[in-house]
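S.K.: Below is the file work_3.cif, with mmCIF, C-alpha atoms and all ligand atoms.
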data_structure
#
loop_
_atom_site.label_atom_id
_atom_site.label_comp_id
_atom_site.auth_asym_id
_atom_site.auth_seq_id
_atom_site.Cartn_x
_atom_site.Cartn_y
_atom_site.Cartn_z
CA MET I 1151 21.64 -3.96 -15.21
CA LYS I 1152 24.76 -2.51 -16.78
CA ILE I 1153 26.16 0.75 -15.44
CA ALA I 1154 27.97 3.32 -17.62
CA ARG I 1155 31.75 3.33 -17.22
CA ASN I 1156 32.51 6.82 -18.43
CA THR I 1157 31.87 10.47 -17.60
CA THR I 1158 29.14 12.41 -19.39
CA LEU I 1159 28.02 15.99 -19.12
CA ILE I 1160 24.48 16.93 -20.15
CA HIS I 1161 24.20 20.70 -20.60
CA HIS I 1162 22.09 23.40 -22.27
CA CYS I 1163 18.82 22.29 -20.70
CA SER I 1164 16.23 23.24 -18.13
CA LEU I 1165 16.58 20.86 -15.21
CA ILE I 1166 13.75 19.49 -13.08
CA ASP I 1167 15.17 17.42 -10.23
CA GLY I 1168 11.92 15.72 -9.16
CA THR I 1169 12.00 16.98 -5.56
CA GLY I 1170 9.30 19.54 -6.31
CA GLY I 1171 11.64 22.55 -6.42
CA PRO I 1172 11.59 24.98 -9.34
CA ALA I 1173 13.35 24.14 -12.60
CA VAL I 1174 17.00 25.23 -12.94
CA GLU I 1175 17.48 27.19 -16.15
CA ASP I 1176 20.76 26.64 -18.00
CA GLY I 1177 21.15 23.42 -16.05
CA ALA I 1178 23.87 20.81 -16.25
CA LEU I 1179 24.24 17.28 -14.99
CA LEU I 1180 27.48 15.33 -14.72
CA ILE I 1181 27.38 11.54 -14.70
CA ARG I 1182 30.37 9.55 -13.50
CA ASP I 1183 30.23 5.74 -13.70
CA GLY I 1184 26.45 5.71 -14.02
CA ARG I 1185 25.74 7.94 -11.06
CA ILE I 1186 25.03 11.64 -10.75
CA ALA I 1187 28.19 13.52 -9.75
CA PHE I 1188 26.83 17.06 -10.19
CA CYS I 1189 23.41 18.55 -10.77
CA GLY I 1190 22.75 22.28 -10.92
CA ARG I 1191 23.56 25.42 -12.92
CA MET I 1192 26.07 25.12 -15.75
CA ALA I 1193 27.92 28.09 -14.24
CA ASP I 1194 28.57 26.03 -11.09
CA ALA I 1195 29.48 22.79 -12.87
CA PRO I 1196 32.93 21.31 -12.24
CA PHE I 1197 35.49 21.61 -15.03
CA ALA I 1198 34.90 18.92 -17.64
CA GLY I 1199 38.00 18.02 -19.66
CA PRO I 1200 38.16 16.66 -23.21
CA GLU I 1201 37.70 13.07 -21.96
CA VAL I 1202 34.17 13.93 -20.87
CA GLU I 1203 31.41 13.07 -23.34
CA ARG I 1204 29.02 15.94 -23.85
CA ILE I 1205 25.33 15.82 -24.64
CA ASP I 1206 23.76 19.07 -25.84
CA GLY I 1207 20.28 19.29 -24.34
CA MET I 1208 19.27 21.71 -27.12
CA GLY I 1209 17.44 23.93 -24.65
CA GLY I 1210 15.10 21.07 -23.73
CA THR I 1211 14.06 19.62 -20.38
CA LEU I 1212 16.01 17.15 -18.26
CA LEU I 1213 14.06 15.24 -15.60
CA PRO I 1214 14.32 11.97 -13.69
CA GLY I 1215 13.17 8.85 -15.54
CA LEU I 1216 9.45 8.30 -15.07
CA VAL I 1217 8.09 5.54 -12.82
CA GLU I 1218 4.93 3.66 -13.78
CA ALA I 1219 3.48 2.94 -10.37
CA HIS I 1220 0.85 0.36 -11.40
CA PHE I 1221 2.17 -1.54 -14.42
CA HIS I 1222 0.60 -4.65 -15.92
CA ALA I 1223 3.21 -6.12 -18.26
CA THR I 1224 0.97 -9.09 -19.07
CA TYR I 1225 -2.09 -7.09 -20.13
CA PHE I 1226 -1.89 -7.01 -23.91
CA ASN I 1227 -4.43 -4.31 -24.85
CA ILE I 1228 -7.38 -6.60 -24.27
CA SER I 1229 -11.02 -5.63 -24.60
CA ALA I 1230 -12.67 -8.19 -22.29
CA LEU I 1231 -11.63 -9.23 -18.79
CA GLU I 1232 -11.49 -12.94 -19.59
CA ASP I 1233 -8.90 -12.24 -22.29
CA LEU I 1234 -6.51 -11.63 -19.40
CA ASP I 1235 -6.35 -15.27 -18.37
CA ILE I 1236 -7.57 -17.59 -21.12
CA LYS I 1237 -7.01 -15.99 -24.51
CA TYR I 1238 -3.35 -16.97 -24.98
CA PRO I 1239 -1.03 -19.48 -23.33
CA VAL I 1240 1.52 -18.22 -20.84
CA GLU I 1241 4.34 -18.69 -23.39
CA TYR I 1242 2.86 -16.13 -25.76
CA VAL I 1243 1.87 -13.71 -22.99
CA SER I 1244 5.48 -13.79 -21.79
CA MET I 1245 6.62 -12.59 -25.21
CA LEU I 1246 3.95 -9.89 -25.32
CA SER I 1247 5.09 -8.78 -21.87
CA SER I 1248 8.67 -8.30 -23.03
CA VAL I 1249 7.38 -6.12 -25.88
CA ASN I 1250 5.36 -4.06 -23.37
CA ALA I 1251 8.43 -3.68 -21.16
CA ARG I 1252 10.51 -2.39 -24.05
CA LEU I 1253 7.76 0.03 -25.03
CA ALA I 1254 7.51 1.38 -21.49
CA LEU I 1255 11.24 2.14 -21.46
CA GLU I 1256 11.03 3.83 -24.87
CA CYS I 1257 8.20 5.93 -23.43
CA GLY I 1258 10.55 7.31 -20.79
CA TYR I 1259 9.61 4.93 -17.97
CA THR I 1260 12.92 3.80 -16.51
CA ALA I 1261 11.19 1.98 -13.63
CA ALA I 1262 7.83 0.39 -12.92
CA ARG I 1263 6.03 -1.29 -10.08
CA SER I 1264 3.80 -4.13 -11.12
CA GLY I 1265 0.13 -4.20 -10.17
CA GLY I 1266 -0.20 -7.94 -10.80
CA CYS I 1267 0.46 -10.35 -13.65
CA LEU I 1268 -0.34 -13.69 -15.23
CA PHE I 1269 1.40 -16.64 -13.52
CA ASN I 1270 4.87 -15.52 -12.42
CA ILE I 1271 5.91 -13.67 -15.57
CA ASP I 1272 6.91 -10.49 -13.71
CA PHE I 1273 9.58 -12.21 -11.69
CA TRP I 1274 11.27 -13.62 -14.81
CA LEU I 1275 10.71 -10.44 -16.81
CA LYS I 1276 12.47 -8.50 -14.09
CA ARG I 1277 15.36 -10.96 -14.22
CA ALA I 1278 15.70 -10.70 -18.01
CA ILE I 1279 15.71 -6.89 -17.75
CA ASP I 1280 18.21 -6.91 -14.87
CA GLU I 1281 20.50 -9.16 -16.93
CA ASP I 1282 20.20 -6.84 -19.98
CA LEU I 1283 18.70 -9.60 -22.13
CA ILE I 1284 15.77 -7.33 -22.99
CA PRO I 1285 15.29 -3.59 -22.48
CA GLY I 1286 12.72 -2.48 -19.94
CA PRO I 1287 12.04 -0.51 -16.79
CA ARG I 1288 13.61 -1.54 -13.50
CA LEU I 1289 10.78 -3.65 -12.20
CA ALA I 1290 9.24 -4.26 -8.78
CA ALA I 1291 7.57 -7.61 -9.36
CA SER I 1292 4.11 -8.63 -8.32
CA GLY I 1293 2.53 -11.91 -9.33
CA ARG I 1294 -0.80 -13.69 -9.23
CA GLU I 1295 -3.34 -11.58 -7.38
CA ILE I 1296 -5.59 -12.52 -4.46
CA CYS I 1297 -9.39 -12.20 -4.42
CA SER I 1298 -12.14 -13.96 -2.46
CA ALA I 1299 -14.49 -16.44 -4.14
CA GLY I 1300 -17.35 -14.74 -5.95
CA GLY I 1301 -15.42 -11.45 -5.99
CA LEU I 1302 -14.38 -9.17 -8.85
CA MET I 1303 -11.67 -11.43 -10.26
CA ASP I 1304 -13.56 -14.74 -9.98
CA TRP I 1305 -15.18 -14.40 -13.38
CA ASN I 1306 -14.79 -17.80 -15.03
CA PRO I 1307 -18.22 -19.47 -14.65
CA GLU I 1308 -18.43 -22.90 -13.05
CA PHE I 1309 -19.55 -24.57 -16.31
CA ARG I 1310 -16.14 -23.85 -17.86
CA LYS I 1311 -14.68 -26.21 -15.28
CA ILE I 1312 -11.56 -24.07 -14.98
CA GLY I 1313 -10.33 -21.94 -12.12
CA MET I 1314 -8.41 -18.67 -12.17
CA GLU I 1315 -5.04 -20.21 -11.46
CA GLY I 1316 -3.15 -18.17 -14.03
CA LEU I 1317 -4.17 -14.78 -12.78
CA VAL I 1318 -5.64 -14.94 -9.28
CA PHE I 1319 -5.69 -17.05 -6.14
CA ILE I 1320 -9.38 -17.41 -5.30
CA ILE I 1321 -9.56 -17.69 -1.53
CA ASN I 1322 -12.15 -18.54 1.13
CA GLY I 1323 -11.02 -17.39 4.55
CA ALA I 1324 -7.82 -16.47 6.31
CA GLU I 1325 -6.16 -19.89 5.94
CA ASP I 1326 -6.52 -19.72 2.14
CA ALA I 1327 -5.15 -16.16 2.24
CA ARG I 1328 -2.04 -17.34 4.07
CA ARG I 1329 -1.59 -20.24 1.65
CA ALA I 1330 -1.75 -17.89 -1.34
CA VAL I 1331 0.80 -15.48 0.13
CA ARG I 1332 3.15 -18.36 0.93
CA ALA I 1333 2.99 -19.46 -2.70
CA LEU I 1334 3.87 -15.91 -3.76
CA VAL I 1335 6.77 -15.85 -1.32
CA LYS I 1336 8.15 -18.92 -3.10
CA ASP I 1337 7.56 -17.27 -6.48
CA GLY I 1338 9.85 -14.42 -5.40
CA VAL I 1339 7.50 -11.47 -5.85
CA GLU I 1340 7.94 -8.19 -3.96
CA TRP I 1341 4.34 -6.99 -3.93
CA VAL I 1342 1.18 -8.92 -3.09
CA LYS I 1343 -1.79 -7.51 -4.99
CA THR I 1344 -5.25 -8.10 -3.54
CA TYR I 1345 -8.86 -7.18 -4.34
CA PRO I 1346 -10.55 -5.70 -1.26
CA THR I 1347 -13.31 -4.19 -3.46
CA GLY I 1348 -15.14 -4.50 -6.76
CA ASP I 1349 -15.11 -2.16 -9.73
CA ALA I 1350 -17.34 -0.34 -12.19
CA ALA I 1351 -16.31 -3.02 -14.71
CA SER I 1352 -18.56 -5.53 -12.92
CA PRO I 1353 -21.81 -3.69 -12.21
CA ASP I 1354 -24.05 -6.67 -11.42
CA VAL I 1355 -22.57 -8.27 -8.31
CA ASN I 1356 -19.12 -6.70 -7.79
CA ASP I 1357 -19.48 -3.00 -8.50
CA HIS I 1358 -17.25 -0.24 -7.08
CA HIS I 1359 -19.18 -0.12 -3.79
CA THR I 1360 -18.91 -3.87 -3.12
CA LEU I 1361 -16.37 -5.57 -0.85
CA CYS I 1362 -14.54 -8.58 -2.32
CA MET I 1363 -12.49 -9.69 0.71
CA THR I 1364 -13.14 -9.77 4.45
CA PHE I 1365 -11.02 -7.86 6.93
CA ASP I 1366 -9.83 -11.21 8.36
CA GLU I 1367 -8.60 -12.33 4.95
CA MET I 1368 -6.84 -9.01 4.34
CA HIS I 1369 -5.23 -9.04 7.75
CA ALA I 1370 -3.99 -12.61 7.18
CA VAL I 1371 -2.47 -11.51 3.86
CA VAL I 1372 -0.62 -8.62 5.49
CA ALA I 1373 0.65 -10.58 8.50
CA THR I 1374 2.00 -13.39 6.30
CA ALA I 1375 3.46 -11.05 3.67
CA HIS I 1376 5.15 -8.76 6.19
CA ASN I 1377 6.61 -11.74 8.01
CA HIS I 1378 8.41 -12.61 4.75
CA LYS I 1379 9.26 -8.96 3.97
CA LEU I 1380 6.79 -8.63 1.10
CA LYS I 1381 4.60 -5.56 0.68
CA VAL I 1382 0.84 -5.56 0.19
CA THR I 1383 -1.40 -3.42 -1.92
CA GLY I 1384 -4.99 -3.65 -3.06
CA HIS I 1385 -7.60 -2.53 -5.53
CA CYS I 1386 -9.62 -0.23 -3.24
CA ARG I 1387 -12.66 1.66 -4.50
CA ALA I 1388 -15.42 1.33 -1.87
CA THR I 1389 -14.90 3.50 1.23
CA GLN I 1390 -15.06 0.59 3.67
CA GLY I 1391 -12.56 -1.38 1.57
CA ILE I 1392 -10.05 1.49 1.77
CA LYS I 1393 -10.43 1.63 5.56
CA ASN I 1394 -10.14 -2.15 5.90
CA ALA I 1395 -6.92 -2.09 3.89
CA LEU I 1396 -5.39 0.74 5.90
CA ARG I 1397 -6.39 -0.86 9.22
CA ALA I 1398 -5.04 -4.22 8.07
CA GLY I 1399 -1.64 -2.57 7.47
CA TYR I 1400 -1.48 -2.28 3.67
CA ASP I 1401 1.67 -0.64 2.29
CA ALA I 1402 -0.08 1.10 -0.61
CA ILE I 1403 -3.59 1.75 -1.86
CA GLU I 1404 -4.49 1.37 -5.53
CA HIS I 1405 -7.19 3.80 -6.70
CA GLY I 1406 -8.44 5.02 -3.28
CA THR I 1407 -11.59 6.14 -5.05
CA PHE I 1408 -14.26 6.85 -2.46
CA MET I 1409 -12.24 8.43 0.37
CA ASP I 1410 -14.10 9.98 3.29
CA ASP I 1411 -12.43 12.00 6.08
CA GLU I 1412 -11.77 8.96 8.21
CA ALA I 1413 -10.15 7.05 5.32
CA LEU I 1414 -7.99 10.06 4.51
CA ASP I 1415 -6.87 10.34 8.14
CA LEU I 1416 -5.95 6.64 8.20
CA LEU I 1417 -3.97 7.10 4.97
CA LEU I 1418 -2.09 10.13 6.25
CA GLU I 1419 -1.42 8.60 9.67
CA ARG I 1420 1.07 6.11 8.17
CA ASN I 1421 1.84 8.18 5.03
CA VAL I 1422 0.61 5.32 2.82
CA PRO I 1423 0.99 6.16 -0.90
CA CYS I 1424 -1.99 5.96 -3.23
CA VAL I 1425 -1.95 5.27 -6.97
CA PRO I 1426 -5.25 6.65 -8.34
CA ALA I 1427 -4.84 5.41 -11.97
CA LEU I 1428 -7.48 7.79 -13.27
CA TYR I 1429 -6.80 8.09 -16.98
CA PHE I 1430 -8.07 4.52 -17.32
CA GLU I 1431 -11.44 5.77 -16.06
CA LYS I 1432 -11.48 8.69 -18.48
CA ALA I 1433 -10.55 6.43 -21.40
CA SER I 1434 -13.27 3.97 -20.35
CA VAL I 1435 -15.85 6.76 -20.43
CA GLU I 1436 -14.63 8.28 -23.70
CA ARG I 1437 -13.86 5.13 -25.68
CA GLY I 1438 -15.75 2.38 -23.84
CA ARG I 1439 -18.60 2.29 -26.32
CA GLU I 1440 -16.21 1.49 -29.21
CA PHE I 1441 -15.12 -1.58 -27.27
CA GLY I 1442 -18.61 -2.74 -26.32
CA LEU I 1443 -18.81 -1.55 -22.71
CA SER I 1444 -22.43 -1.22 -21.54
CA GLN I 1445 -23.90 2.14 -20.49
CA LEU I 1446 -24.09 0.87 -16.91
CA VAL I 1447 -20.34 0.15 -16.91
CA ILE I 1448 -19.55 3.52 -18.52
CA ASP I 1449 -21.72 5.33 -15.94
CA GLY I 1450 -19.85 3.52 -13.17
CA HIS I 1451 -16.52 4.63 -14.63
CA GLN I 1452 -17.81 8.22 -14.76
CA GLU I 1453 -18.73 8.07 -11.06
CA THR I 1454 -15.30 6.54 -10.31
CA LEU I 1455 -13.57 9.24 -12.35
CA GLU I 1456 -15.25 12.08 -10.47
CA ALA I 1457 -14.83 10.63 -6.98
CA GLY I 1458 -11.28 9.46 -7.73
CA SER I 1459 -10.23 12.91 -8.96
CA GLU I 1460 -11.59 14.55 -5.83
CA SER I 1461 -9.89 12.00 -3.56
CA ALA I 1462 -6.54 12.38 -5.37
CA ARG I 1463 -6.69 16.17 -5.03
CA ARG I 1464 -7.49 15.90 -1.31
CA ILE I 1465 -4.67 13.42 -0.69
CA LEU I 1466 -2.05 15.66 -2.29
CA ARG I 1467 -3.41 18.89 -0.74
CA SER I 1468 -3.35 17.21 2.71
CA GLY I 1469 0.33 16.33 2.34
CA GLY I 1470 -0.17 12.71 1.22
CA ARG I 1471 1.66 10.91 -1.57
CA LEU I 1472 0.38 9.94 -5.02
CA GLY I 1473 2.03 7.62 -7.53
CA MET I 1474 1.30 8.06 -11.23
CA GLY I 1475 0.23 5.41 -13.69
CA GLY I 1476 -2.09 2.56 -13.83
CA ASP I 1477 -3.91 -0.10 -15.73
CA TYR I 1478 -2.55 0.57 -19.21
CA GLY I 1479 -3.05 -2.56 -21.29
CA PHE I 1480 -6.72 -2.42 -22.22
CA GLY I 1481 -7.85 -1.76 -25.78
CA TRP I 1482 -9.11 1.71 -24.92
CA ASN I 1483 -6.12 2.44 -22.70
CA PRO I 1484 -3.20 0.68 -24.42
CA HIS I 1485 0.43 0.29 -23.46
CA GLY I 1486 2.43 3.28 -24.65
CA ASP I 1487 -0.16 5.81 -23.45
CA TYR I 1488 1.25 5.92 -19.90
CA ALA I 1489 2.08 9.63 -19.84
CA ARG I 1490 -1.53 10.55 -20.61
CA GLU I 1491 -1.96 10.02 -16.88
CA LEU I 1492 0.36 12.98 -16.26
CA THR I 1493 -1.45 15.29 -18.66
CA PHE I 1494 -4.76 14.26 -17.11
CA PHE I 1495 -3.57 15.16 -13.62
CA VAL I 1496 -2.50 18.61 -14.79
CA ARG I 1497 -5.47 19.46 -17.00
CA ASP I 1498 -8.35 17.64 -15.30
CA VAL I 1499 -7.33 17.20 -11.66
CA GLY I 1500 -5.59 20.57 -11.32
CA LEU I 1501 -2.13 19.63 -10.09
CA THR I 1502 0.84 21.70 -11.28
CA PRO I 1503 3.26 20.10 -13.78
CA LEU I 1504 6.00 20.16 -11.10
CA GLU I 1505 3.74 18.34 -8.63
CA VAL I 1506 2.81 15.73 -11.21
CA ILE I 1507 6.44 15.16 -12.20
CA SER I 1508 7.40 14.64 -8.54
CA CYS I 1509 4.57 12.11 -8.15
CA ALA I 1510 5.72 10.34 -11.33
CA THR I 1511 9.38 10.21 -10.33
CA LYS I 1512 10.23 10.69 -6.64
CA THR I 1513 7.08 9.12 -5.19
CA GLY I 1514 7.14 6.30 -7.74
CA ALA I 1515 10.66 5.38 -6.67
CA GLU I 1516 9.64 5.57 -3.00
CA ILE I 1517 6.72 3.21 -3.63
CA MET I 1518 9.21 0.77 -5.15
CA GLY I 1519 11.36 1.07 -2.02
CA CYS I 1520 14.13 2.62 -4.15
CA GLY I 1521 13.89 6.27 -3.13
CA THR I 1522 17.56 6.40 -2.19
CA GLU I 1523 18.67 4.88 -5.54
CA PHE I 1524 16.70 6.80 -8.16
CA GLY I 1525 13.60 8.98 -8.68
CA THR I 1526 15.28 12.38 -8.31
CA LEU I 1527 18.28 14.06 -9.90
CA GLU I 1528 20.55 14.30 -6.88
CA VAL I 1529 24.23 13.60 -6.40
CA GLY I 1530 24.91 9.93 -5.72
CA LYS I 1531 21.78 8.56 -7.36
CA LEU I 1532 21.70 6.41 -10.48
CA ALA I 1533 21.55 8.45 -13.69
CA ASP I 1534 18.08 7.21 -14.70
CA LEU I 1535 16.75 10.17 -16.62
CA LEU I 1536 14.82 11.57 -19.49
CA LEU I 1537 15.98 14.36 -21.82
CA VAL I 1538 13.10 15.93 -23.73
CA ASP I 1539 13.16 18.25 -26.73
CA GLY I 1540 10.92 21.10 -25.54
CA ASP I 1541 9.62 22.80 -22.41
CA VAL I 1542 7.81 20.12 -20.39
CA LEU I 1543 6.59 22.57 -17.74
CA ALA I 1544 4.90 24.66 -20.44
CA ASP I 1545 3.36 21.58 -22.07
CA ILE I 1546 3.29 18.39 -20.01
CA SER I 1547 1.79 16.49 -22.96
CA LEU I 1548 5.23 16.51 -24.65
CA LEU I 1549 5.84 13.44 -22.48
CA GLU I 1550 3.09 11.53 -24.29
CA ASP I 1551 5.06 11.30 -27.54
CA ARG I 1552 8.36 9.43 -27.44
CA ARG I 1553 9.43 11.13 -30.67
CA ASN I 1554 10.10 14.16 -28.44
CA PHE I 1555 12.72 12.27 -26.44
CA LEU I 1556 16.39 12.92 -27.02
CA ALA I 1557 17.54 10.35 -24.49
CA VAL I 1558 16.10 7.82 -22.07
CA MET I 1559 18.92 6.78 -19.78
CA GLN I 1560 19.37 4.05 -17.19
CA ALA I 1561 22.52 4.24 -15.03
CA GLY I 1562 24.12 6.63 -17.50
CA ILE I 1563 23.51 4.45 -20.59
CA ILE I 1564 21.24 5.80 -23.34
CA LYS I 1565 18.61 3.13 -24.00
CA ALA I 1566 16.11 4.99 -26.18
CA GLY I 1567 15.41 8.37 -27.74
CA ARG I 1568 16.92 10.11 -30.77
CA LEU I 1569 20.46 9.85 -29.39
CA ALA I 1570 20.27 6.08 -28.86
CA THR I 1571 22.23 3.85 -31.21
CA PRO I 1572 19.87 2.81 -34.02
CA PHE I 1573 20.69 -0.89 -33.80
CA PRO I 1574 20.89 -2.05 -30.21
CA THR I 1575 23.71 -4.52 -29.71
CA VAL I 1576 22.72 -8.01 -28.68
CA VAL I 1577 24.12 -8.63 -25.23
CA ARG I 1578 25.78 -11.97 -24.85
CA ARG I 1579 24.85 -13.74 -21.67
CA GLU I 1580 27.88 -13.99 -19.47
CA LYS I 1581 26.69 -16.39 -16.80
ZN ZN I 1601 -4.54 -2.80 -12.13
#
So that I can check it, write out the structure of this file as structure tokens.

M.R.:
Amino acid sequence: MKIARNTTLIHHCSLIDGTGGPAVEDGALLIRDGRIAFCGRMADAPFAGPEVERIDGMGGTLLPGLVEAHFHATYFNISALEDLDIKYPVEYVSMLSSVNARLALECGYTAARSGGCLFNIDFWLKRAIDEDLIPGPRLAASGREICSAGGLMDWNPEFRKIGMEGLVFIINGAEDARRAVRALVKDGVEWVKTYPTGDAASPDVNDHHTLCMTFDEMHAVVATAHNHKLKVTGHCRATQGIKNALRAGYDAIEHGTFMDDEALDLLLERNVPCVPALYFEKASVERGREFGLSQLVIDGHQETLEAGSESARRILRSGGRLGMGGDYGFGWNPHGDYARELTFFVRDVGLTPLEVISCATKTGAEIMGCGTEFGTLEVGKLADLLLVDGDVLADISLLEDRRNFLAVMQAGIIKAGRLATPFPTVVRREK
């Protein structure tokens, strides 16, 4: 990804650095060659000569670029699970994914960690973004997911005579688990996404209290993945599934819905981050009926919403780490709505706006393994940031509407927002 080759001063703004500290009023940030050279009060800023480009923050808020911690580029606002793997061919889903990536960047998300995708689209999407062929968040790629036979993701009935090869490796036993991870190693993904448990979406045989993988299978996934330096995460709702994942050595927990004391202790012991992805649950409850979800499914999402909110609160209050985002790409929870997660965590879960912003920036970058490169506004880090017209701490929901954005920047280059060039130049491929 290109890096700015100039010096820019952003001034006249309130500055939130993402570390959790209070906002700096009358803040200023100096960017030299794409990296942060100064961040603090304007009164303390180094002298900036006439060669320095200036951006007037108009009294707005400057914060690190947001990180979507559970991004599904290939989910195209579907309304039924099977749409995810058999509605369109991979060629068309690839194009839809590039549109979703661009939208995420325009929504202030300068980075994203994938939570699984169709075929190996993520890996190539990441490459196209890195080579500036298409705009999008810096991506941590996942790929096809792993679930045991008969589990949550094994939904195509036998009479269709098709498998789940586009979306999921369906495994039986530890040997299959190792084979699936080895295929992902060859695909070049960074994260292996698994399904230790079911979900409210499948109330008959794979609900949110059901296990969908054995401990042996999960352990085989982790051992193989770690051997090849890949990280492992999993869709964990049921209490036992969370514990199995943590004992098997998972690097992150998705959802972490039904946490008991023992599960929380296991999580905190290794400081494993959790991505609750709760707004999806709220949207499922509020809008599910419009999209034909049954009452049983909606009731399950309500139970998930309540338990998940309580678990997320406990994790943060106990000193654990939460990533923000998750599962946007369903009809009732479409791409572009990502920042509703942040508003939800302030208004419904009870976190402070500063806490939520740290989760959505610093922790997100840490989950991606990039905590030293971006995620906070600190000297030396890449200038991936978001300049918002308005006081974000007074109204976190300003982040939901990209029309409020003055600039979305990656490595010092404005990619979106009102200050972006109206007609993006086509980048000629130089390799
Ligand atoms: Zn997901």

S.K.: One decimal, Å: what's the distance from atom CA of I:Tyr1242 over to atom CA of I:Thr1224, could you say?

M.R.: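 A separation of 9.9 Å between them.
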
S.K.: So, counting all atoms listed in the file, which residue among I:Ile1271, I:Leu1417, I:Val1240, I:Ala1427 is closest to ligand ZN 1601 (chain I)?

M.R.: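 For ligand ZN 1601 (chain I), the nearest of the candidates is I:Ala1427.
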
S.K.: Mind pulling up the distance from atom CA of I:Phe1365 to atom CA of I:Gly1399?

M.R.: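 Computing it gives 10.8 Å between the two atoms.
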
S.K.: As a quick test: using all atoms listed in the file, which residues lie no more than 8 Å away from ligand ZN 1601 (chain I)? Give them as a JSON list (two decimals) with C-alpha atoms, in the frame of the given file.

M.R.:
[["chain", "number", "residue", "atom", "x", "y", "z"],
["I", 1220, "HIS", "CA", 0.85, 0.36, -11.40],
["I", 1221, "PHE", "CA", 2.17, -1.54, -14.42],
["I", 1222, "HIS", "CA", 0.60, -4.65, -15.92],
["I", 1265, "GLY", "CA", 0.13, -4.20, -10.17],
["I", 1266, "GLY", "CA", -0.20, -7.94, -10.80],
["I", 1385, "HIS", "CA", -7.60, -2.53, -5.53],
["I", 1404, "GLU", "CA", -4.49, 1.37, -5.53],
["I", 1476, "GLY", "CA", -2.09, 2.56, -13.83],
["I", 1477, "ASP", "CA", -3.91, -0.10, -15.73]]

S.K.: Using atom CA of I:Gly1170 and atom CA of I:Asp1183 as the two end points, give the distance in Å to one decimal.

M.R.: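 Taking atom CA of I:Gly1170 as the start and atom CA of I:Asp1183 as the end point, the length is 26.1 Å.
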
S.K.: Can you work out which one of I:Asp1167, I:Asp1357, I:Asp1449, I:Glu1419 has the shortest atom-to-atom distance to I:Leu1216, counting only C-alpha atoms?

M.R.: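 Closest residue, counting only C-alpha atoms: I:Asp1167.
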
S.K.: Using all atoms listed in the file, which protein or nucleic acid residues come within 8 Å of stretch 1195-1208 of chain I? Drop anything in the same chain fewer than 6 positions from it, and give the result as a ChimeraX atom specification.

M.R.: /I:1156-1163,1178-1180,1188-1189,1537-1539,1556

S.K.: Which polymer residues have any atom within 12 Å of an atom of I:Leu1380, counting all atoms listed in the file, with same-chain residues fewer than 4 positions away left out, as a PDB file with C-alpha atoms, in the coordinates of the input?

M.R.:
ATOM      1  CA  ALA I1290       9.240  -4.260  -8.780  1.00  0.00           C
ATOM      2  CA  ALA I1291       7.570  -7.610  -9.360  1.00  0.00           C
ATOM      3  CA  SER I1292       4.110  -8.630  -8.320  1.00  0.00           C
ATOM      4  CA  GLY I1293       2.530 -11.910  -9.330  1.00  0.00           C
ATOM      5  CA  VAL I1331       0.800 -15.480   0.130  1.00  0.00           C
ATOM      6  CA  ARG I1332       3.150 -18.360   0.930  1.00  0.00           C
ATOM      7  CA  LEU I1334       3.870 -15.910  -3.760  1.00  0.00           C
ATOM      8  CA  VAL I1335       6.770 -15.850  -1.320  1.00  0.00           C
ATOM      9  CA  LYS I1336       8.150 -18.920  -3.100  1.00  0.00           C
ATOM     10  CA  ASP I1337       7.560 -17.270  -6.480  1.00  0.00           C
ATOM     11  CA  GLY I1338       9.850 -14.420  -5.400  1.00  0.00           C
ATOM     12  CA  VAL I1339       7.500 -11.470  -5.850  1.00  0.00           C
ATOM     13  CA  GLU I1340       7.940  -8.190  -3.960  1.00  0.00           C
ATOM     14  CA  TRP I1341       4.340  -6.990  -3.930  1.00  0.00           C
ATOM     15  CA  VAL I1342       1.180  -8.920  -3.090  1.00  0.00           C
ATOM     16  CA  LYS I1343      -1.790  -7.510  -4.990  1.00  0.00           C
ATOM     17  CA  VAL I1371      -2.470 -11.510   3.860  1.00  0.00           C
ATOM     18  CA  VAL I1372      -0.620  -8.620   5.490  1.00  0.00           C
ATOM     19  CA  ALA I1373       0.650 -10.580   8.500  1.00  0.00           C
ATOM     20  CA  THR I1374       2.000 -13.390   6.300  1.00  0.00           C
ATOM     21  CA  ALA I1375       3.460 -11.050   3.670  1.00  0.00           C
ATOM     22  CA  HIS I1376       5.150  -8.760   6.190  1.00  0.00           C
ATOM     23  CA  TYR I1400      -1.480  -2.280   3.670  1.00  0.00           C
ATOM     24  CA  ASP I1401       1.670  -0.640   2.290  1.00  0.00           C
ATOM     25  CA  MET I1518       9.210   0.770  -5.150  1.00  0.00           C
ATOM     26  CA  GLY I1519      11.360   1.070  -2.020  1.00  0.00           C
TER      27      GLY I1519
END
